[in-house]
$ cat structure29.cif   # mmCIF, C-alpha atoms
data_upload
#
loop_
_atom_site.label_atom_id
_atom_site.label_comp_id
_atom_site.auth_asym_id
_atom_site.auth_seq_id
_atom_site.Cartn_x
_atom_site.Cartn_y
_atom_site.Cartn_z
CA MET A 1204 75.03 52.55 100.11
CA VAL A 1205 76.44 49.05 100.10
CA ALA A 1206 72.98 47.50 99.84
CA GLN A 1207 72.02 49.91 97.08
CA SER A 1208 75.24 49.17 95.26
CA GLU A 1209 74.65 45.43 95.54
CA GLU A 1210 71.10 45.89 94.30
CA ARG A 1211 72.38 47.77 91.29
CA LYS A 1212 74.98 45.12 90.73
CA GLY A 1213 72.27 42.45 91.10
CA GLY A 1214 70.11 44.29 88.55
CA ARG A 1215 72.95 44.42 86.07
CA SER A 1216 73.68 40.76 86.65
CA VAL A 1217 70.07 39.76 85.94
CA MET A 1218 70.18 41.84 82.76
CA ARG A 1219 73.42 40.17 81.72
CA ASP A 1220 71.90 36.71 82.41
CA LEU A 1221 69.03 37.64 80.10
CA ASP A 1222 71.43 38.81 77.39
CA VAL A 1223 73.28 35.51 77.63
CA GLN A 1224 69.99 33.58 77.45
CA PHE A 1225 68.91 35.40 74.30
CA MET A 1226 72.32 34.79 72.73
CA GLN A 1227 72.10 31.10 73.64
CA LYS A 1228 68.74 30.98 71.88
CA ALA A 1229 70.35 32.52 68.77
CA ILE A 1230 73.14 29.93 68.95
CA GLN A 1231 70.58 27.12 69.39
CA LEU A 1232 68.73 28.33 66.26
CA ALA A 1233 72.03 28.38 64.37
CA ARG A 1234 72.78 24.79 65.37
CA GLN A 1235 69.26 23.50 64.62
CA GLY A 1236 69.08 25.22 61.23
CA MET A 1237 72.47 23.82 60.25
CA HIS A 1238 71.57 20.26 61.25
CA HIS A 1239 68.27 20.51 59.37
CA ASN A 1240 70.22 21.68 56.28
CA GLN A 1241 68.30 24.94 56.04
CA GLY A 1242 71.48 26.90 55.28
CA GLY A 1243 74.61 28.15 57.03
CA PRO A 1244 75.24 27.91 60.81
CA PHE A 1245 73.62 31.20 61.80
CA GLY A 1246 70.76 32.15 64.14
CA ALA A 1247 69.26 35.39 65.47
CA VAL A 1248 66.51 36.69 67.74
CA VAL A 1249 64.93 40.15 68.03
CA VAL A 1250 63.91 41.15 71.57
CA LYS A 1251 61.51 43.86 72.73
CA ASP A 1252 60.90 44.61 76.42
CA GLY A 1253 62.60 41.37 77.48
CA ALA A 1254 60.64 39.08 75.14
CA ILE A 1255 61.52 37.51 71.78
CA ILE A 1256 59.29 38.93 69.02
CA GLY A 1257 61.10 37.43 66.03
CA GLU A 1258 63.61 34.64 65.50
CA GLY A 1259 65.26 32.94 62.57
CA CYS A 1260 68.02 30.78 61.23
CA ASN A 1261 69.79 31.00 57.90
CA GLN A 1262 67.48 29.54 55.22
CA VAL A 1263 69.40 30.38 52.05
CA VAL A 1264 69.55 26.79 50.82
CA THR A 1265 65.99 25.58 51.56
CA THR A 1266 64.30 28.74 50.29
CA ASN A 1267 66.67 29.48 47.36
CA ASP A 1268 66.86 33.01 48.74
CA PRO A 1269 70.32 34.59 49.12
CA THR A 1270 68.77 37.25 51.39
CA ALA A 1271 67.38 34.71 53.90
CA HIS A 1272 70.11 35.23 56.48
CA ALA A 1273 69.19 34.63 60.13
CA GLU A 1274 69.06 38.34 61.04
CA MET A 1275 66.91 39.15 57.99
CA VAL A 1276 64.44 36.38 58.83
CA ALA A 1277 64.26 37.50 62.49
CA ILE A 1278 63.81 41.18 61.54
CA ARG A 1279 61.07 40.38 59.01
CA ARG A 1280 59.21 38.24 61.54
CA ALA A 1281 59.53 40.85 64.31
CA CYS A 1282 58.14 43.51 61.93
CA GLN A 1283 55.23 41.24 60.98
CA PHE A 1284 54.57 40.60 64.69
CA LEU A 1285 54.47 44.34 65.49
CA GLY A 1286 52.76 45.30 62.24
CA ARG A 1287 55.28 48.02 61.47
CA PHE A 1288 58.46 48.45 59.43
CA GLN A 1289 60.73 49.73 62.19
CA LEU A 1290 62.03 48.10 65.35
CA ASP A 1291 63.18 51.07 67.43
CA GLY A 1292 63.76 50.10 71.06
CA CYS A 1293 64.42 46.48 70.07
CA VAL A 1294 67.71 44.57 70.37
CA ILE A 1295 69.07 41.86 68.06
CA TYR A 1296 71.13 38.88 69.23
CA SER A 1297 72.98 37.15 66.40
CA SER A 1298 75.21 34.09 66.64
CA CYS A 1299 77.64 35.89 64.27
CA GLU A 1300 78.53 39.49 63.48
CA PRO A 1301 76.00 40.65 60.87
CA CYS A 1302 77.27 40.74 57.27
CA PRO A 1303 76.97 44.04 55.34
CA MET A 1304 73.49 43.08 54.05
CA CYS A 1305 72.20 42.29 57.55
CA LEU A 1306 73.92 45.29 59.12
CA GLY A 1307 72.24 47.48 56.51
CA ALA A 1308 68.87 45.92 57.36
CA ILE A 1309 69.53 46.54 61.08
CA TYR A 1310 70.10 50.23 60.34
CA TRP A 1311 66.95 50.49 58.23
CA ALA A 1312 64.94 48.74 60.97
CA ARG A 1313 66.48 51.15 63.52
CA LEU A 1314 67.33 48.52 66.10
CA ALA A 1315 68.85 49.90 69.32
CA LYS A 1316 71.72 47.44 69.87
CA ILE A 1317 73.47 44.40 68.36
CA TYR A 1318 74.89 41.50 70.37
CA TYR A 1319 76.97 39.04 68.35
CA GLY A 1320 78.87 35.81 69.02
CA CYS A 1321 81.34 34.95 66.23
CA ALA A 1322 83.13 37.66 64.23
CA ARG A 1323 83.43 38.12 60.45
CA VAL A 1324 86.93 36.59 60.48
CA ASP A 1325 85.57 33.45 62.19
CA ALA A 1326 82.94 33.15 59.43
CA ALA A 1327 85.66 33.54 56.78
CA LYS A 1328 87.59 30.62 58.31
CA VAL A 1329 84.64 28.27 57.71
CA GLY A 1330 84.02 29.41 54.14
CA PHE A 1331 81.71 32.45 54.25
CA ASP A 1332 82.22 35.74 52.38
CA ASP A 1333 81.26 38.20 55.14
CA TYR A 1334 84.84 39.48 55.58
CA THR A 1335 85.47 39.70 51.82
CA ILE A 1336 82.27 41.66 51.22
CA TYR A 1337 83.18 44.12 54.01
CA GLU A 1338 86.54 44.62 52.29
CA GLU A 1339 84.81 45.27 48.94
CA PHE A 1340 82.74 48.02 50.58
CA LYS A 1341 85.97 49.84 51.49
CA LEU A 1342 87.12 50.05 47.85
CA PRO A 1343 86.27 52.88 45.44
CA LEU A 1344 83.42 51.82 43.10
CA ARG A 1345 85.77 51.40 40.11
CA GLU A 1346 88.03 48.95 41.96
CA ARG A 1347 85.34 46.54 43.11
CA ARG A 1348 84.84 42.96 41.95
CA ILE A 1349 81.30 43.73 40.74
CA PRO A 1350 81.47 46.67 38.32
CA MET A 1351 79.00 49.53 38.74
CA GLU A 1352 77.97 51.85 35.91
CA ARG A 1353 75.72 54.88 36.05
CA LEU A 1354 73.00 55.16 33.39
CA SER A 1355 69.95 57.34 32.62
CA SER A 1356 70.53 59.41 35.73
CA ASP A 1357 68.42 62.38 34.55
CA GLU A 1358 65.34 60.20 34.07
CA ALA A 1359 65.97 58.43 37.36
CA LEU A 1360 66.36 61.73 39.22
CA GLN A 1361 63.01 62.93 37.87
CA VAL A 1362 61.29 60.23 39.99
CA PHE A 1363 63.01 61.66 43.08
CA VAL A 1364 61.68 65.11 42.17
CA GLU A 1365 58.16 63.65 41.97
CA TRP A 1366 58.72 61.93 45.33
CA GLY A 1367 59.76 65.24 46.91
CA GLU A 1368 56.54 66.82 45.64
CA LYS A 1369 54.29 63.94 46.76
CA PRO A 1370 52.20 65.23 49.68
CA ASP A 1371 51.36 61.82 51.20
CA ARG A 1372 54.81 60.25 51.02
CA VAL A 1373 55.74 57.94 53.92
CA LEU A 1374 59.38 58.14 55.02
CA TYR A 1375 61.15 55.16 56.54
CA MET B 1074 88.07 46.33 8.35
CA VAL B 1075 85.77 49.33 8.18
CA ALA B 1076 82.70 47.16 7.82
CA GLN B 1077 83.82 44.97 10.67
CA SER B 1078 84.46 48.00 12.84
CA GLU B 1079 81.02 49.43 12.07
CA GLU B 1080 79.48 46.11 12.82
CA ARG B 1081 81.19 46.02 16.20
CA LYS B 1082 80.10 49.57 16.86
CA GLY B 1083 76.55 48.64 15.84
CA GLY B 1084 76.65 45.67 18.20
CA ARG B 1085 77.74 47.85 21.08
CA SER B 1086 75.03 50.35 20.27
CA VAL B 1087 72.33 47.67 20.32
CA MET B 1088 73.67 46.45 23.67
CA ARG B 1089 73.61 49.99 25.02
CA ASP B 1090 70.02 50.45 23.79
CA LEU B 1091 69.08 47.30 25.69
CA ASP B 1092 70.81 48.55 28.84
CA VAL B 1093 68.88 51.81 28.58
CA GLN B 1094 65.62 49.93 28.07
CA PHE B 1095 66.18 47.80 31.17
CA MET B 1096 67.04 50.90 33.19
CA GLN B 1097 63.89 52.61 31.92
CA LYS B 1098 61.90 49.62 33.12
CA ALA B 1099 63.53 49.96 36.57
CA ILE B 1100 62.65 53.68 36.60
CA GLN B 1101 59.07 52.89 35.52
CA LEU B 1102 58.75 50.41 38.41
CA ALA B 1103 60.08 53.07 40.79
CA ARG B 1104 57.47 55.59 39.61
CA GLN B 1105 54.57 53.10 39.69
CA GLY B 1106 55.45 51.79 43.15
CA MET B 1107 55.71 55.31 44.50
CA HIS B 1108 52.37 56.40 43.06
CA HIS B 1109 50.70 53.25 44.42
CA ASN B 1110 52.16 54.07 47.86
CA GLN B 1111 54.04 50.79 48.10
CA GLY B 1112 57.12 52.48 49.52
CA GLY B 1113 59.96 54.74 48.38
CA PRO B 1114 60.66 55.73 44.74
CA PHE B 1115 62.88 52.80 43.81
CA GLY B 1116 62.68 50.07 41.17
CA ALA B 1117 64.96 47.30 39.92
CA VAL B 1118 65.14 44.48 37.38
CA VAL B 1119 67.41 41.43 37.15
CA VAL B 1120 68.33 40.37 33.61
CA LYS B 1121 69.72 37.07 32.33
CA ASP B 1122 70.64 36.50 28.68
CA GLY B 1123 68.81 39.66 27.61
CA ALA B 1124 65.53 38.90 29.41
CA ILE B 1125 64.08 40.14 32.69
CA ILE B 1126 63.82 37.26 35.19
CA GLY B 1127 62.92 39.29 38.29
CA GLU B 1128 61.62 42.78 38.95
CA GLY B 1129 60.49 44.79 41.92
CA CYS B 1130 59.72 48.12 43.47
CA ASN B 1131 60.26 49.23 47.05
CA GLN B 1132 57.47 47.73 49.19
CA VAL B 1133 58.64 48.67 52.69
CA VAL B 1134 55.40 50.48 53.58
CA THR B 1135 52.77 48.08 52.21
CA THR B 1136 54.49 44.93 53.47
CA ASN B 1137 55.83 46.33 56.79
CA ASP B 1138 59.17 44.89 55.78
CA PRO B 1139 62.25 47.13 56.08
CA THR B 1140 64.16 44.69 53.85
CA ALA B 1141 61.69 44.96 50.94
CA HIS B 1142 63.84 47.30 48.86
CA ALA B 1143 63.45 47.12 45.08
CA GLU B 1144 66.73 45.26 44.51
CA MET B 1145 65.94 42.72 47.25
CA VAL B 1146 62.49 42.03 45.78
CA ALA B 1147 63.94 41.67 42.27
CA ILE B 1148 66.76 39.37 43.46
CA ARG B 1149 64.36 37.14 45.45
CA ARG B 1150 62.02 36.84 42.47
CA ALA B 1151 64.86 36.09 40.05
CA CYS B 1152 66.11 33.35 42.40
CA GLN B 1153 62.62 31.87 42.68
CA PHE B 1154 62.34 31.95 38.88
CA LEU B 1155 65.65 30.11 38.42
CA GLY B 1156 65.15 27.84 41.43
CA ARG B 1157 68.60 28.61 42.83
CA PHE B 1158 70.16 30.96 45.36
CA GLN B 1159 72.78 32.54 43.12
CA LEU B 1160 72.50 34.76 40.06
CA ASP B 1161 75.93 34.46 38.45
CA GLY B 1162 75.92 35.77 34.90
CA CYS B 1163 72.95 38.05 35.64
CA VAL B 1164 72.92 41.86 35.68
CA ILE B 1165 70.87 44.17 37.91
CA TYR B 1166 69.47 47.53 36.82
CA SER B 1167 68.42 49.72 39.73
CA SER B 1168 66.87 53.19 39.55
CA CYS B 1169 69.21 54.18 42.42
CA GLU B 1170 72.65 53.10 43.66
CA PRO B 1171 72.03 50.10 45.94
CA CYS B 1172 72.15 50.83 49.69
CA PRO B 1173 74.56 48.76 51.83
CA MET B 1174 71.87 46.12 52.48
CA CYS B 1175 71.10 45.71 48.78
CA LEU B 1176 74.77 45.85 47.76
CA GLY B 1177 75.45 43.08 50.27
CA ALA B 1178 72.63 41.02 48.77
CA ILE B 1179 74.05 41.63 45.28
CA TYR B 1180 77.41 40.22 46.42
CA TRP B 1181 75.78 37.18 48.04
CA ALA B 1182 73.75 36.57 44.88
CA ARG B 1183 76.96 36.92 42.83
CA LEU B 1184 75.49 39.19 40.18
CA ALA B 1185 77.91 40.12 37.39
CA LYS B 1186 77.24 43.87 37.06
CA ILE B 1187 75.23 46.74 38.53
CA TYR B 1188 73.70 49.58 36.51
CA TYR B 1189 72.25 52.41 38.60
CA GLY B 1190 70.47 55.71 37.96
CA CYS B 1191 70.49 58.01 41.00
CA ALA B 1192 73.38 58.04 43.49
CA ARG B 1193 73.35 57.74 47.28
CA VAL B 1194 73.70 61.51 47.66
CA ASP B 1195 70.60 62.05 45.50
CA ALA B 1196 68.64 59.67 47.77
CA ALA B 1197 69.88 61.59 50.83
CA LYS B 1198 68.52 64.84 49.37
CA VAL B 1199 64.98 63.40 49.29
CA GLY B 1200 65.11 61.97 52.81
CA PHE B 1201 66.66 58.49 52.62
CA ASP B 1202 69.46 57.14 54.83
CA ASP B 1203 71.57 55.35 52.20
CA TYR B 1204 74.44 57.84 52.43
CA THR B 1205 74.37 57.92 56.25
CA ILE B 1206 74.43 54.14 56.51
CA TYR B 1207 77.40 53.96 54.12
CA GLU B 1208 79.20 56.46 56.38
CA GLU B 1209 78.42 54.34 59.49
CA PHE B 1210 80.05 51.34 57.79
CA LYS B 1211 83.30 53.31 57.57
CA LEU B 1212 83.48 53.87 61.34
CA PRO B 1213 85.14 51.51 63.83
CA LEU B 1214 82.50 49.37 65.59
CA ARG B 1215 82.79 51.33 68.86
CA GLU B 1216 82.04 54.68 67.19
CA ARG B 1217 78.85 53.66 65.42
CA ARG B 1218 75.33 54.89 66.15
CA ILE B 1219 74.11 51.35 66.86
CA PRO B 1220 76.36 49.80 69.54
CA MET B 1221 77.73 46.29 68.98
CA GLU B 1222 78.79 44.01 71.83
CA ARG B 1223 80.36 40.57 71.62
CA LEU B 1224 78.88 37.85 73.84
CA SER B 1225 79.19 34.07 74.31
CA SER B 1226 81.75 33.83 71.53
CA ASP B 1227 83.11 30.42 72.66
CA GLU B 1228 79.67 28.80 72.45
CA ALA B 1229 78.96 30.52 69.14
CA LEU B 1230 82.29 29.39 67.68
CA GLN B 1231 81.50 25.76 68.60
CA VAL B 1232 78.68 25.81 66.00
CA PHE B 1233 81.21 26.87 63.35
CA VAL B 1234 83.43 23.93 64.37
CA GLU B 1235 80.44 21.60 63.88
CA TRP B 1236 79.77 23.21 60.50
CA GLY B 1237 83.36 22.62 59.43
CA GLU B 1238 82.97 18.93 60.31
CA LYS B 1239 79.59 18.52 58.59
CA PRO B 1240 80.17 16.34 55.52
CA ASP B 1241 77.03 17.44 53.60
CA ARG B 1242 77.32 21.20 54.15
CA VAL B 1243 76.21 23.40 51.24
CA LEU B 1244 78.29 26.54 50.74
CA TYR B 1245 76.79 29.69 49.25
#

$ encode --input "structure29.cif" --output "structure tokens"
Amino acid sequence: MVAQSEERKGGRSVMRDLDVQFMQKAIQLARQGMHHNQGGPFGAVVVKDGAIIGEGCNQVVTTNDPTAHAEMVAIRRACQFLGRFQLDGCVIYSSCEPCPMCLGAIYWARLAKIYYGCARVDAAKVGFDDYTIYEEFKLPLRERRIPMERLSSDEALQVFVEWGEKPDRVLY
Amino acid sequence: MVAQSEERKGGRSVMRDLDVQFMQKAIQLARQGMHHNQGGPFGAVVVKDGAIIGEGCNQVVTTNDPTAHAEMVAIRRACQFLGRFQLDGCVIYSSCEPCPMCLGAIYWARLAKIYYGCARVDAAKVGFDDYTIYEEFKLPLRERRIPMERLSSDEALQVFVEWGEKPDRVLY
């Protein structure tokens, strides 16, 4: 029983070492990207069966793309690598807690687990809006900083009706 | 005074006609993309000074990219068109209420206003997770469907310290 218990403990320890290694890789990507002026200090890797299948750093500034956060880049690359639009069974390691955009993408990609280093409040302290945007999400639509107005809903809904009737629709 | 008032009313009416036209374009993109099997039934346009500078339909299926929602595609294209990573002063017209990922992107891009056609509950009725993901955002981290675990926070925070000390950092 003792041996078995130690073996289990050893197994968990090896797993934890791997988790730490993948997180260190994410942190390394964050540091490299920052020093190469690609964007903010953020990195991420997507792992499947113990191997990295997609990695990225924040590239907002070099690509002029506000959606090029580290997690988004890593998810897109992992999907290209697998040739599919979902990452079920995969884990993401991000040097910082994903912002609402990246967390949304993680849900759409159906990742199994998120490891993160810094938190949204840490990002706020060095000038990023992650925390503020999370707070906006908690407000009723009419109280938000960016106003939202509904328009042409009947015509828009008609497209959903056509989608529901489309026999070869692909859900995601 | 009457003439002035009518003129103002006329001005508002022209503006409203334009808003409806841009929304109709977004709906048209949604329908076209769906019928060409690019992805779900969603379309969006980004408008600056009364002209479309970026448009898109959902392309999740054809591009194997879970982040290729209509709003994301339109925002990326508008940014490429302007050669910058923010869209302040621009308005987005989306055939459906943006999901959390797209709403996050809209905040990062600093768009001025959102017009939308269908709502998240309408999307849920035809099989999309927008509503569910919004509900997940409301839960404490430990109660969510995708578990989140913090790891190596000291090493991760060190990169933020370096960012804070970087003299040529570009904020976004």

$ calpha_fit_and_write --input "structure29.cif" --fixed "chain A" --moving "chain B" --output "compact mmCIF listing (two decimals) with C-alpha atoms, in the frame of the given file"
# COMPACT_ATOMS: atom_id res chain seq x y z
CA MET B 1074 74.69 52.88 100.03
CA VAL B 1075 76.15 49.40 100.10
CA ALA B 1076 72.74 47.79 99.79
CA GLN B 1077 71.83 50.10 96.96
CA SER B 1078 75.08 49.35 95.19
CA GLU B 1079 74.55 45.60 95.54
CA GLU B 1080 71.06 45.99 94.27
CA ARG B 1081 72.32 47.82 91.21
CA LYS B 1082 74.96 45.18 90.70
CA GLY B 1083 72.30 42.48 91.07
CA GLY B 1084 70.14 44.26 88.50
CA ARG B 1085 72.99 44.38 86.03
CA SER B 1086 73.73 40.73 86.63
CA VAL B 1087 70.12 39.73 85.92
CA MET B 1088 70.23 41.80 82.72
CA ARG B 1089 73.46 40.12 81.70
CA ASP B 1090 71.95 36.68 82.39
CA LEU B 1091 69.07 37.60 80.10
CA ASP B 1092 71.46 38.77 77.38
CA VAL B 1093 73.31 35.46 77.62
CA GLN B 1094 70.04 33.53 77.45
CA PHE B 1095 68.95 35.36 74.30
CA MET B 1096 72.35 34.75 72.72
CA GLN B 1097 72.12 31.06 73.63
CA LYS B 1098 68.76 30.94 71.88
CA ALA B 1099 70.37 32.49 68.77
CA ILE B 1100 73.16 29.89 68.93
CA GLN B 1101 70.60 27.09 69.36
CA LEU B 1102 68.74 28.31 66.25
CA ALA B 1103 72.05 28.36 64.35
CA ARG B 1104 72.79 24.75 65.33
CA GLN B 1105 69.26 23.49 64.58
CA GLY B 1106 69.08 25.21 61.20
CA MET B 1107 72.45 23.82 60.22
CA HIS B 1108 71.57 20.26 61.21
CA HIS B 1109 68.25 20.51 59.34
CA ASN B 1110 70.19 21.68 56.25
CA GLN B 1111 68.30 24.95 56.02
CA GLY B 1112 71.45 26.90 55.25
CA GLY B 1113 74.59 28.13 57.01
CA PRO B 1114 75.23 27.90 60.79
CA PHE B 1115 73.62 31.19 61.79
CA GLY B 1116 70.76 32.13 64.12
CA ALA B 1117 69.27 35.35 65.46
CA VAL B 1118 66.53 36.68 67.74
CA VAL B 1119 64.95 40.13 68.05
CA VAL B 1120 63.93 41.12 71.58
CA LYS B 1121 61.55 43.84 72.76
CA ASP B 1122 60.94 44.58 76.45
CA GLY B 1123 62.63 41.34 77.49
CA ALA B 1124 60.68 39.05 75.15
CA ILE B 1125 61.55 37.48 71.80
CA ILE B 1126 59.33 38.92 69.05
CA GLY B 1127 61.12 37.42 66.04
CA GLU B 1128 63.61 34.62 65.49
CA GLY B 1129 65.26 32.92 62.57
CA CYS B 1130 68.01 30.75 61.22
CA ASN B 1131 69.77 31.00 57.88
CA GLN B 1132 67.47 29.53 55.21
CA VAL B 1133 69.38 30.39 52.03
CA VAL B 1134 69.52 26.78 50.81
CA THR B 1135 65.98 25.57 51.54
CA THR B 1136 64.27 28.74 50.29
CA ASN B 1137 66.64 29.50 47.35
CA ASP B 1138 66.84 33.01 48.74
CA PRO B 1139 70.30 34.59 49.12
CA THR B 1140 68.77 37.24 51.40
CA ALA B 1141 67.37 34.71 53.90
CA HIS B 1142 70.10 35.21 56.49
CA ALA B 1143 69.18 34.61 60.13
CA GLU B 1144 69.06 38.32 61.04
CA MET B 1145 66.91 39.15 57.99
CA VAL B 1146 64.43 36.38 58.84
CA ALA B 1147 64.28 37.48 62.49
CA ILE B 1148 63.83 41.17 61.55
CA ARG B 1149 61.05 40.39 59.03
CA ARG B 1150 59.21 38.24 61.57
CA ALA B 1151 59.56 40.84 64.32
CA CYS B 1152 58.15 43.50 61.97
CA GLN B 1153 55.24 41.24 61.02
CA PHE B 1154 54.59 40.61 64.72
CA LEU B 1155 54.52 44.34 65.52
CA GLY B 1156 52.78 45.31 62.28
CA ARG B 1157 55.32 48.04 61.51
CA PHE B 1158 58.49 48.45 59.47
CA GLN B 1159 60.76 49.72 62.22
CA LEU B 1160 62.08 48.10 65.39
CA ASP B 1161 63.22 51.06 67.48
CA GLY B 1162 63.80 50.08 71.08
CA CYS B 1163 64.46 46.45 70.09
CA VAL B 1164 67.74 44.54 70.39
CA ILE B 1165 69.09 41.83 68.08
CA TYR B 1166 71.16 38.85 69.23
CA SER B 1167 72.99 37.12 66.40
CA SER B 1168 75.22 34.05 66.64
CA CYS B 1169 77.64 35.84 64.26
CA GLU B 1170 78.54 39.46 63.48
CA PRO B 1171 76.00 40.62 60.88
CA CYS B 1172 77.27 40.71 57.27
CA PRO B 1173 76.96 44.01 55.36
CA MET B 1174 73.49 43.06 54.07
CA CYS B 1175 72.20 42.26 57.55
CA LEU B 1176 73.93 45.27 59.14
CA GLY B 1177 72.25 47.46 56.53
CA ALA B 1178 68.88 45.91 57.39
CA ILE B 1179 69.56 46.51 61.10
CA TYR B 1180 70.13 50.21 60.37
CA TRP B 1181 66.97 50.46 58.26
CA ALA B 1182 64.98 48.72 61.00
CA ARG B 1183 66.51 51.13 63.54
CA LEU B 1184 67.36 48.49 66.12
CA ALA B 1185 68.90 49.86 69.33
CA LYS B 1186 71.76 47.40 69.88
CA ILE B 1187 73.50 44.37 68.37
CA TYR B 1188 74.91 41.46 70.37
CA TYR B 1189 76.98 38.99 68.34
CA GLY B 1190 78.88 35.76 68.98
CA CYS B 1191 81.34 34.92 66.20
CA ALA B 1192 83.14 37.62 64.20
CA ARG B 1193 83.44 38.10 60.44
CA VAL B 1194 86.93 36.56 60.45
CA ASP B 1195 85.57 33.42 62.14
CA ALA B 1196 82.92 33.12 59.40
CA ALA B 1197 85.65 33.52 56.75
CA LYS B 1198 87.58 30.60 58.26
CA VAL B 1199 84.62 28.25 57.66
CA GLY B 1200 83.99 29.39 54.09
CA PHE B 1201 81.70 32.44 54.21
CA ASP B 1202 82.21 35.73 52.35
CA ASP B 1203 81.28 38.20 55.11
CA TYR B 1204 84.84 39.46 55.55
CA THR B 1205 85.46 39.71 51.79
CA ILE B 1206 82.27 41.66 51.21
CA TYR B 1207 83.17 44.10 54.01
CA GLU B 1208 86.54 44.62 52.28
CA GLU B 1209 84.81 45.28 48.92
CA PHE B 1210 82.74 48.02 50.58
CA LYS B 1211 85.97 49.83 51.47
CA LEU B 1212 87.12 50.06 47.84
CA PRO B 1213 86.26 52.89 45.44
CA LEU B 1214 83.41 51.83 43.11
CA ARG B 1215 85.74 51.41 40.11
CA GLU B 1216 88.02 48.95 41.93
CA ARG B 1217 85.34 46.54 43.09
CA ARG B 1218 84.82 42.96 41.93
CA ILE B 1219 81.29 43.72 40.73
CA PRO B 1220 81.44 46.68 38.31
CA MET B 1221 78.98 49.55 38.76
CA GLU B 1222 77.96 51.86 35.92
CA ARG B 1223 75.71 54.91 36.07
CA LEU B 1224 72.99 55.18 33.41
CA SER B 1225 69.94 57.37 32.67
CA SER B 1226 70.54 59.44 35.78
CA ASP B 1227 68.42 62.41 34.58
CA GLU B 1228 65.34 60.22 34.11
CA ALA B 1229 65.97 58.45 37.40
CA LEU B 1230 66.37 61.76 39.26
CA GLN B 1231 63.00 62.96 37.91
CA VAL B 1232 61.29 60.26 40.04
CA PHE B 1233 63.01 61.67 43.13
CA VAL B 1234 61.70 65.14 42.21
CA GLU B 1235 58.17 63.67 42.02
CA TRP B 1236 58.72 61.99 45.39
CA GLY B 1237 59.77 65.28 46.95
CA GLU B 1238 56.53 66.85 45.69
CA LYS B 1239 54.29 63.98 46.82
CA PRO B 1240 52.22 65.28 49.74
CA ASP B 1241 51.37 61.85 51.24
CA ARG B 1242 54.84 60.28 51.08
CA VAL B 1243 55.76 57.97 53.96
CA LEU B 1244 59.39 58.16 55.05
CA TYR B 1245 61.17 55.16 56.56

$ residues_near_point --input "structure29.cif" --point "(60.4, 33.3, 64.5)" --cutoff "7 Å" --atoms "all atoms listed in the file" --output "list in words"
Gly1257, Glu1258, Gly1259, Ala1277 and Arg1280 of chain A

$ residues_around --input "structure29.cif" --residues "A:Cys1302" --least-positions-apart "6" --cutoff "8 Å" --atoms "all atoms listed in the file" --output "PDB file with C-alpha atoms, keeping the file's coordinate frame"
ATOM      1  CA  ARG A1323      83.430  38.120  60.450  1.00  0.00           C
ATOM      2  CA  ASP A1333      81.260  38.200  55.140  1.00  0.00           C
ATOM      3  CA  TYR A1334      84.840  39.480  55.580  1.00  0.00           C
ATOM      4  CA  ILE A1336      82.270  41.660  51.220  1.00  0.00           C
ATOM      5  CA  TYR A1337      83.180  44.120  54.010  1.00  0.00           C
TER       6      TYR A1337
ATOM      7  CA  GLY B1177      75.450  43.080  50.270  1.00  0.00           C
TER       8      GLY B1177
END

$ closest_residue --input "structure29.cif" --among "B:Asp1241, B:Glu1209, B:Asp1227, B:Asp1138" --to "B:Gly1112" --atoms "only C-alpha atoms"
B:Asp1138

$ atom_distance --input "structure29.cif" --atom1 "atom CA of A:Gly1367" --atom2 "atom CA of A:Met1304"
27.0 Å

$ atom_distance --input "structure29.cif" --atom1 "atom CA of B:Val1146" --atom2 "atom CA of B:Lys1186"
17.2 Å

$ atom_distance --input "structure29.cif" --atom1 "atom CA of A:Lys1369" --atom2 "atom CA of B:Gly1200"
12.6 Å

$ closest_residue --input "structure29.cif" --among "B:Phe1233, B:Gly1113, B:Lys1211, B:Ile1126" --to "A:Pro1303" --atoms "only C-alpha atoms"
B:Lys1211

$ residues_around --input "structure29.cif" --residues "B:Ala1192" --least-positions-apart "6" --cutoff "12 Å" --atoms "all atoms listed in the file" --output "ChimeraX atom specification"
/A:1344,1351-1357,1359-1360,1363 /B:1115,1167-1172,1198-1199,1201,1203-1204

$ residues_around --input "structure29.cif" --residues "A:Trp1366" --least-positions-apart "5" --cutoff "9 Å" --atoms "only C-alpha atoms" --output "PyMOL selection string"
(chain A and resi 1361+1372) or (chain B and resi 1104+1107-1108+1113-1114+1199)

$ closest_residue --input "structure29.cif" --among "A:Glu1274, A:Asp1220, A:Asp1252, A:Glu1358" --to "chain B" --atoms "all atoms listed in the file"
A:Glu1358

$ axis_aligned_box --input "structure29.cif" --around "stretch 1193-1199 of chain B" --padding-each-side "3 Å" --output "AutoDock Vina command-line options"
--center_x 69.3 --center_y 61.3 --center_z 48.2 --size_x 14.7 --size_y 13.1 --size_z 11.3

$ residues_near_point --input "structure29.cif" --point "(71.5, 32.2, 65.5)" --cutoff "6 Å" --atoms "all atoms listed in the file" --output "PDB file with C-alpha atoms, in the frame of the given file"
ATOM      1  CA  ALA A1229      70.350  32.520  68.770  1.00  0.00           C
ATOM      2  CA  ILE A1230      73.140  29.930  68.950  1.00  0.00           C
ATOM      3  CA  LEU A1232      68.730  28.330  66.260  1.00  0.00           C
ATOM      4  CA  ALA A1233      72.030  28.380  64.370  1.00  0.00           C
ATOM      5  CA  PHE A1245      73.620  31.200  61.800  1.00  0.00           C
ATOM      6  CA  GLY A1246      70.760  32.150  64.140  1.00  0.00           C
ATOM      7  CA  ALA A1247      69.260  35.390  65.470  1.00  0.00           C
ATOM      8  CA  CYS A1260      68.020  30.780  61.230  1.00  0.00           C
ATOM      9  CA  SER A1297      72.980  37.150  66.400  1.00  0.00           C
ATOM     10  CA  SER A1298      75.210  34.090  66.640  1.00  0.00           C
TER      11      SER A1298
END
